[in-house]
Each structure stands twice: as structure tokens, then as C-alpha cells.
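Below is one structure, written out as C-alpha cells; comments come after it.
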Amino acid sequence: MINSRLYADILSENSRFLNFEFNHDEIIMGKYRIEYQRSGCIGAGVCAALADKHWVMADDGKADLVGSHKEGELHVLEIDEADLDCNKQAAEGCPANIIHIIDKETGKKII
Ligand code: SF4
């Protein structure tokens, strides 16, 4: 699966060859933004149990947010409505409280 940011980066890189104006922000489709502070993960695995499409346990015992990119300390992934519920459950279940979801339209933190 290719994530929207990677797709946008590829399009952006190639747009000059394809001769069109490219706005990087227009292709980022996710309505919500997951922010994950991986350094605080205690490896409880709740996220991977509740939302295995997006969360997997890595060899170092911490969770990886599949398809995310790094922004400073945070691992970030944009998702649509269809993926909101399972990730909300993962965030609510995380004992370390290091998974947060932001509504991009309002800028409000959902959890
Ligand atoms: S639920 Fe939280 S603490 Fe547990 S593995 Fe997932 S991110 Fe880490």
C-alpha cells in the first residue's frame, strides 16, 4: 500500500517532467491526523490488537504506525473516516497515552 504523503512526494518530484502545476497539499487526502510519540511506547500492544491495519509490533518491542512519516519526535499518519474508529480505540486503549488524533479541518484534538 502506498500512503498519500509518499504518493504526493512522488508526484511532486515528477510534476516538472509531466508539465503540470502541483500543489503538494491538495493530494494529502486524510481527514484526520494520527500523531504517535514512539519514544514513549511501553510495548503493551493494545494498538496492534485493536487496529492491526495500522499498528504492528516491531523487533525493539515498540509499536510502529504503518505508513507514517516522521515530524520531529512524532510519527504521523493521515487517515480517512473509515479508519477513524479503530484508531480511536487504539488511542483510547494505549496505556502510555501517546497516540493522539487530530481533526485536520477544525484543528481539534479528538483524543
Ligand atoms: S498501545 Fe501504546 S504503549 Fe502499547 S504498544 Fe501501542 S503505542 Fe505502545
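Residue names in the C-alpha cells use chain letters A, B, ... in the order shown, residue numbers from 1 in each chain, and ligand numbers from 1 in the order shown.
Environment of ligand 1, defined as every protein or nucleic acid residue with an atom within 6 Å of it and counting only C-alpha atoms and all ligand atoms, comprises Cys41, Ile42, Gly43, Ala44, Gly45, Val46, Cys47, Lys62, Ala63, Cys94, Pro95 and Ala96 of chain A.
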Closest atom pairs, residues of stretch 19-82 of chain A within 7 Å of stretch 98-104 of chain A, only C-alpha atoms, as a tab-separated table:
residue	atom	partner	partner_atom	distance
A:Lys31	CA	A:Lys104	CA	5.8
A:Tyr32	CA	A:Asp103	CA	4.7
A:Arg33	CA	A:Ile102	CA	5.1
A:Ile34	CA	A:Ile101	CA	4.5
A:Glu35	CA	A:His100	CA	5.2
A:Tyr36	CA	A:Ile99	CA	4.7
A:Gln37	CA	A:Ile98	CA	5.3
A:Gly40	CA	A:Ile98	CA	6.6
What would the file look like if the residues just selected were written as an mmCIF file, in the first residue's frame with N, CA and C atoms?
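Below you can see again24.cif, which holds the result:
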data_model
loop_
_atom_site.group_PDB
_atom_site.id
_atom_site.type_symbol
_atom_site.label_atom_id
_atom_site.label_comp_id
_atom_site.auth_asym_id
_atom_site.auth_seq_id
_atom_site.Cartn_x
_atom_site.Cartn_y
_atom_site.Cartn_z
ATOM 1 N N LYS A 31 -8.533 12.974 6.399
ATOM 2 C CA LYS A 31 -9.297 13.982 7.127
ATOM 3 C C LYS A 31 -8.764 14.136 8.544
ATOM 4 N N TYR A 32 -8.142 13.068 9.009
ATOM 5 C CA TYR A 32 -7.627 13.070 10.377
ATOM 6 C C TYR A 32 -6.128 12.789 10.368
ATOM 7 N N ARG A 33 -5.519 13.199 11.450
ATOM 8 C CA ARG A 33 -4.071 13.055 11.554
ATOM 9 C C ARG A 33 -3.754 12.316 12.855
ATOM 10 N N ILE A 34 -3.089 11.163 12.729
ATOM 11 C CA ILE A 34 -2.642 10.444 13.921
ATOM 12 C C ILE A 34 -1.242 10.931 14.257
ATOM 13 N N GLU A 35 -1.042 11.280 15.512
ATOM 14 C CA GLU A 35 0.291 11.670 15.979
ATOM 15 C C GLU A 35 0.722 10.677 17.066
ATOM 16 N N TYR A 36 1.831 10.047 16.859
ATOM 17 C CA TYR A 36 2.282 8.965 17.737
ATOM 18 C C TYR A 36 3.695 9.283 18.238
ATOM 19 N N GLN A 37 3.839 9.322 19.559
ATOM 20 C CA GLN A 37 5.154 9.585 20.145
ATOM 21 C C GLN A 37 5.803 8.257 20.482
ATOM 22 N N GLY A 40 7.784 7.028 23.688
ATOM 23 C CA GLY A 40 7.089 6.755 24.948
ATOM 24 C C GLY A 40 6.399 5.406 24.985
#
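Rounded to one decimal, atom CA of A:Leu65 and atom CA of A:Leu50 lie 12.8 Å from each other.
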Using the chain letters and numbers from this document, which residues of stretch 10-111 of chain A does DSSP assign to alpha helix (DSSP H), as JSON, numbers by chain? {"A": [10, 11, 12, 13, 14, 15, 16, 17, 18, 46, 47, 48, 49, 50, 84, 85, 86, 87, 88, 89, 90, 91, 92, 93]}
Given the selection you just returned, output its residues as a file containing C-alpha atoms, formatted as a compact mmCIF listing (two decimals), in the first residue's frame.
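Saved result, selection_31.txt, follows:
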# COMPACT_ATOMS: atom_id res chain seq x y z
CA ILE A 10 6.48 11.12 -5.96
CA LEU A 11 4.02 13.29 -7.88
CA SER A 12 5.72 16.43 -6.71
CA GLU A 13 9.10 15.12 -7.78
CA ASN A 14 7.83 14.17 -11.22
CA SER A 15 5.45 17.04 -11.94
CA ARG A 16 8.08 19.11 -13.77
CA PHE A 17 8.55 16.26 -16.27
CA LEU A 18 4.80 15.85 -16.68
CA VAL A 46 -3.11 -2.70 22.66
CA CYS A 47 -2.89 -0.66 19.46
CA ALA A 48 -1.78 -3.63 17.37
CA ALA A 49 -4.56 -5.77 18.85
CA LEU A 50 -7.28 -3.20 18.12
CA LEU A 84 -11.07 6.60 12.47
CA ASP A 85 -12.93 4.25 14.83
CA CYS A 86 -10.30 1.53 15.12
CA ASN A 87 -7.55 4.11 15.63
CA LYS A 88 -9.64 5.95 18.22
CA GLN A 89 -9.97 2.66 20.08
CA ALA A 90 -6.22 2.14 19.82
CA ALA A 91 -5.58 5.64 21.16
CA GLU A 92 -8.08 5.21 23.99
CA GLY A 93 -6.60 1.85 24.91
Restricting to only C-alpha atoms, whichever of A:Ala51, A:Gly30, A:Arg38, A:Glu81 is closest to A:Asp64 is A:Arg38
